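Novice: One file: upload-v5.txt (compact mmCIF, C-alpha atoms).
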# COMPACT_ATOMS: atom_id res chain seq x y z
CA MET N 647 -29.73 -1.37 -9.71
CA PHE N 648 -30.37 0.74 -6.59
CA SER N 649 -29.11 -0.73 -3.34
CA LEU N 650 -29.70 1.02 -0.02
CA LYS N 651 -26.62 -0.69 1.38
CA GLU N 652 -24.42 0.61 -1.46
CA ILE N 653 -25.96 4.10 -1.28
CA PHE N 654 -25.33 4.17 2.48
CA SER N 655 -21.71 3.02 2.02
CA VAL N 656 -21.01 5.57 -0.72
CA THR N 657 -22.69 8.36 1.25
CA LEU N 658 -20.74 7.65 4.44
CA THR N 659 -17.45 7.29 2.59
CA LEU N 660 -17.89 10.62 0.81
CA PHE N 661 -19.15 12.26 4.02
CA ALA N 662 -15.95 11.23 5.80
CA VAL N 663 -13.70 12.39 2.96
CA ILE N 664 -15.47 15.70 2.32
CA ASP N 665 -15.68 16.40 6.08
CA ILE N 666 -17.88 19.47 5.72
CA LEU N 667 -18.34 19.63 9.50
CA GLY N 668 -14.58 19.84 9.96
CA SER N 669 -14.54 22.70 7.45
CA ILE N 670 -16.87 24.89 9.52
CA PRO N 671 -14.05 27.12 10.83
CA ILE N 672 -12.83 27.72 7.28
CA ILE N 673 -16.37 28.40 6.09
CA ILE N 674 -16.79 30.98 8.86
CA GLN N 675 -13.43 32.56 8.02
CA ILE N 676 -14.37 32.82 4.32
CA ARG N 677 -17.79 34.22 5.24
CA GLN N 678 -16.19 36.90 7.43
CA ARG N 679 -13.66 37.81 4.73
CA GLU N 680 -16.10 37.78 1.80
CA GLY N 681 -19.14 39.08 3.65
CA LYS N 682 -21.20 36.03 2.73
CA ILE N 683 -21.01 32.49 1.42
CA ASN N 684 -22.79 31.84 -1.84
CA SER N 685 -24.13 28.42 -0.79
CA GLU N 686 -25.84 27.71 -4.09
CA LYS N 687 -22.79 28.59 -6.19
CA ALA N 688 -20.37 26.63 -3.98
CA THR N 689 -22.62 23.56 -3.93
CA LEU N 690 -23.26 23.74 -7.67
CA VAL N 691 -19.55 24.09 -8.51
CA ALA N 692 -18.67 21.26 -6.09
CA GLY N 693 -21.36 19.07 -7.66
CA VAL N 694 -20.18 19.79 -11.20
CA LEU N 695 -16.58 19.05 -10.21
CA MET N 696 -17.62 15.77 -8.58
CA PHE N 697 -19.69 14.60 -11.53
CA VAL N 698 -17.09 15.64 -14.11
CA PHE N 699 -14.33 13.92 -12.18
CA LEU N 700 -16.47 10.82 -11.66
CA PHE N 701 -16.83 10.40 -15.41
CA LEU N 702 -13.70 12.05 -16.81
CA GLY N 703 -11.19 12.25 -13.93
CA GLN N 704 -8.70 9.68 -15.10
CA SER N 705 -8.80 11.05 -18.65
CA ILE N 706 -8.35 14.67 -17.50
CA LEU N 707 -5.31 13.85 -15.40
CA SER N 708 -3.84 11.72 -18.20
CA LEU N 709 -4.43 14.50 -20.72
CA PHE N 710 -2.20 16.82 -18.69
CA GLY N 711 0.27 14.07 -17.85
CA VAL N 712 -0.50 14.39 -14.15
CA ASP N 713 -0.62 11.38 -11.86
CA PHE N 714 -2.73 11.11 -8.70
CA GLN N 715 0.27 11.61 -6.45
CA SER N 716 1.12 14.97 -8.03
CA PHE N 717 -2.51 16.02 -7.90
CA ALA N 718 -2.74 15.03 -4.24
CA LEU N 719 0.48 16.94 -3.43
CA ALA N 720 -0.89 20.10 -5.04
CA GLY N 721 -4.02 19.79 -2.93
CA ALA N 722 -1.89 19.15 0.15
CA ILE N 723 0.00 22.41 -0.38
CA ILE N 724 -3.23 24.40 -0.55
CA ILE N 725 -4.61 22.65 2.54
CA PHE N 726 -1.31 23.29 4.36
CA LEU N 727 -1.44 27.01 3.58
CA ILE N 728 -5.07 27.27 4.70
CA GLY N 729 -4.12 25.55 7.95
CA MET N 730 -1.28 28.05 8.45
CA GLU N 731 -3.72 30.92 7.92
CA MET N 732 -6.06 29.47 10.53
CA ILE N 733 -3.39 28.88 13.18
CA LEU N 734 -1.33 32.03 12.73
CA GLY N 735 -4.20 34.38 11.97
CA ILE N 736 -2.49 35.62 8.81
CA GLU N 737 -3.78 36.04 5.28
CA LEU N 738 -1.85 34.13 2.63
CA PHE N 739 -4.63 34.07 0.06
CA ARG N 740 -5.12 37.70 -0.84
CA HIS N 741 -8.70 38.83 -0.78
CA ASN N 742 -10.04 40.79 -3.71
CA PRO N 743 -13.42 42.22 -2.62
CA LEU N 744 -14.47 42.62 -6.24
CA ALA N 745 -13.77 38.98 -7.12
CA ALA N 746 -15.86 37.36 -4.35
CA SER N 747 -14.40 33.98 -5.29
CA GLY N 748 -14.20 32.49 -1.79
CA SER N 749 -17.24 30.35 -2.50
CA ILE N 750 -15.31 28.68 -5.32
CA VAL N 751 -11.65 28.72 -4.20
CA PRO N 752 -10.87 27.46 -1.59
CA LEU N 753 -14.40 26.38 -0.58
CA ALA N 754 -15.77 24.35 -3.51
CA PHE N 755 -12.23 23.39 -4.50
CA PRO N 756 -10.17 22.05 -2.73
CA LEU N 757 -12.07 21.90 0.59
CA ILE N 758 -15.31 20.24 -0.55
CA VAL N 759 -13.94 18.63 -3.69
CA GLY N 760 -10.23 18.12 -3.25
CA ALA N 761 -7.78 15.48 -4.32
CA GLY N 762 -9.10 13.07 -1.68
CA THR N 763 -12.70 13.42 -2.86
CA MET N 764 -11.72 13.05 -6.50
CA THR N 765 -9.61 9.98 -5.88
CA THR N 766 -12.35 8.49 -3.71
CA LEU N 767 -14.91 9.04 -6.47
CA LEU N 768 -12.84 7.01 -8.92
CA SER N 769 -12.49 4.23 -6.34
CA LEU N 770 -16.21 4.27 -5.54
CA ARG N 771 -17.10 4.08 -9.22
CA ALA N 772 -14.97 0.94 -9.53
CA ALA N 773 -16.54 -0.66 -6.43
CA TYR N 774 -20.23 0.28 -6.67
CA SER N 775 -22.86 0.64 -9.36
CA LEU N 776 -23.04 4.08 -10.93
CA PRO N 777 -26.64 4.93 -9.86
CA ASN N 778 -25.74 4.29 -6.21
CA VAL N 779 -22.64 6.48 -6.45
CA LEU N 780 -24.71 9.26 -8.03
CA VAL N 781 -27.28 9.11 -5.20
CA GLY N 782 -24.46 9.14 -2.62
CA ILE N 783 -23.00 12.27 -4.23
CA ALA N 784 -26.42 13.96 -4.27
CA VAL N 785 -27.04 13.20 -0.57
CA ASN N 786 -23.65 14.69 0.34
CA LEU N 787 -24.29 17.80 -1.75
CA VAL N 788 -27.59 18.37 0.07
CA PHE N 789 -25.79 18.13 3.41
CA VAL N 790 -22.99 20.44 2.21
CA TYR N 791 -25.59 22.98 1.08
CA GLY N 792 -27.30 22.84 4.48
CA VAL N 793 -24.06 23.48 6.36
CA LEU N 794 -23.06 26.33 4.03
CA LYS N 795 -26.51 27.91 4.23
CA SER N 796 -26.50 27.82 8.04
CA SER N 797 -22.93 29.15 8.47
CA ALA N 798 -24.12 32.48 9.94
CA TRP N 799 -26.27 30.64 12.48
CA ILE N 800 -23.39 28.30 13.36
CA GLU N 801 -21.08 31.30 13.80
CA ARG N 802 -23.56 32.99 16.18
CA LYS N 803 -23.92 29.79 18.24
CA LEU N 804 -20.15 29.33 18.53
CA GLY N 805 -19.41 32.91 19.55
CA LYS N 806 -16.05 34.61 19.06
CA ALA N 807 -14.16 32.47 21.60
CA GLY N 808 -15.63 29.21 20.32
CA GLU N 809 -14.88 30.19 16.75
CA ASP N 810 -11.26 31.06 17.62
CA ILE N 811 -10.71 27.76 19.43
CA LEU N 812 -12.36 25.78 16.63
CA ARG N 813 -10.36 27.63 13.96
CA ARG N 814 -7.02 26.87 15.62
CA VAL N 815 -7.87 23.23 16.41
CA PHE N 816 -9.01 22.56 12.87
CA GLY N 817 -6.02 24.49 11.54
CA VAL N 818 -3.77 21.95 13.26
CA ILE N 819 -5.93 19.12 11.87
CA LEU N 820 -5.61 20.58 8.36
CA LEU N 821 -1.84 20.75 8.76
CA ALA N 822 -1.83 17.11 9.85
CA ILE N 823 -3.96 16.12 6.84
CA ALA N 824 -1.63 18.03 4.52
CA ILE N 825 1.43 16.33 6.03
CA LYS N 826 -0.26 12.94 5.71
CA LEU N 827 -0.92 13.70 2.02
CA PHE N 828 2.72 14.74 1.59
CA LYS N 829 3.98 11.54 3.21
CA SER N 830 1.70 9.20 1.31
CA ASN N 831 2.26 10.81 -2.10
CA PHE N 832 5.89 11.90 -2.03
Transcribe the structure of this file into structure tokens.

Specialist:
Amino acid sequence: MFSLKEIFSVTLTLFAVIDILGSIPIIIQIRQREGKINSEKATLVAGVLMFVFLFLGQSILSLFGVDFQSFALAGAIIIFLIGMEMILGIELFRHNPLAASGSIVPLAFPLIVGAGTMTTLLSLRAAYSLPNVLVGIAVNLVFVYGVLKSSAWIERKLGKAGEDILRRVFGVILLAIAIKLFKSNF
């Protein structure tokens, strides 16, 4: 049933795909724009999306007649636009101060739970026993929550110059990830 080796493999795989540490510049940008990050809400929504997609992902996509390549391309477009925002210092996603939805879009989806995470979940479910996949998801959600909760502290430690450098570097990385998704799914 439970296997530490499988749990470790699932956890590391999801950790690499989610890449919450690489999302720190975006988290800081959202926090500055929104005033705060609702860590609990973002983690809860990400967790629900992960669990729903783990059990119903293939059926949901089939229901809408969407294949994984199309889904991945849609996620790539969003990631590309976020990368452009980070590099150019422009705002493509209009901010509505009354909506305060930054903790959901783009944070919970597609940054934490994007096309890559969803596809990976289906692959992990095929390769590992379900209880080990569930534990791996839970461990990643705890780590995601910790990073989101400490975003103000991380921002203070980085300073304005460090944040600007990190934002631009990770903006380029996001563009590269988006282009890779385009190339592999087009």

Novice: Hey, which of N:Leu660, N:Ala824, N:Val698, N:Ala772 ends up closest to Ala720 (chain N)? Count all atoms listed in the file.

Specialist: N:Ala824

Novice: What is the CA of Ile733 (chain N)-CA of Gly817 (chain N) distance in Å, reported with one decimal?

Specialist: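 Separating CA of Ile733 (chain N) from CA of Gly817 (chain N) is a distance of 5.4 Å.
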
Novice: Kindly give the distance, in Å, that separates CA of Val793 (chain N) and CA of Ile670 (chain N), rounded to a single decimal.

Specialist: 8.0 Å

Novice: Which residues are close to Asp665 (chain N), i.e. within 10 Å by only C-alpha atoms, leaving aside same-chain residues fewer than 4 positions away? Reply as a PyMOL selection string.

Specialist: chain N and resi 659-661+669-670+757-758+763+786+790

Novice: If you count only C-alpha atoms, which residues fall within 8 Å of Ser797 (chain N), apart from same-chain ones fewer than 3 positions away, as a ChimeraX atom specification?

Specialist: /N:670,673-674,677,793-794,800-801

Novice: Just write the chosen residues, C-alpha atoms, as a short mmCIF file (atom, residue, chain, number, x, y, z; two decimals), in the frame of the given file.

Specialist:
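As a result, selection17.cif now contains:
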data_model
loop_
_atom_site.label_atom_id
_atom_site.label_comp_id
_atom_site.auth_asym_id
_atom_site.auth_seq_id
_atom_site.Cartn_x
_atom_site.Cartn_y
_atom_site.Cartn_z
CA ILE N 670 -16.87 24.89 9.52
CA ILE N 673 -16.37 28.40 6.09
CA ILE N 674 -16.79 30.98 8.86
CA ARG N 677 -17.79 34.22 5.24
CA VAL N 793 -24.06 23.48 6.36
CA LEU N 794 -23.06 26.33 4.03
CA ILE N 800 -23.39 28.30 13.36
CA GLU N 801 -21.08 31.30 13.80
#

Novice: Go through N:Trp799, N:Leu768, N:Lys687, N:Leu820 one by one, measure the shortest atom-to-atom distance of each to Ser705 (chain N) using all atoms listed in the file, and give the residue with the smallest value.

Specialist: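 For Ser705 (chain N), the nearest of the candidates is N:Leu768.
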
Novice: Which residue, N:Val751, N:Ile706, N:Leu700, N:Val694, has the smallest gap to Ile676 (chain N) when you use all atoms listed in the file?

Specialist: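 Among the listed residues, the smallest separation from Ile676 (chain N) belongs to N:Val751.
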
Novice: What's the 9 Å shell around Ile723 (chain N), counting all atoms listed in the file, without same-chain residues fewer than 3 positions away, as an NGL selection string?

Specialist: :N and (718-720 or 726-728 or 824-825 or 828)

Novice: Taking into account all atoms listed in the file, which residue in the set N:Gly805, N:Gly782, N:Gly729, N:Gly721 is nearest to Gly762 (chain N)?

Specialist: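 Closest to Gly762 (chain N) of all the choices is N:Gly721.
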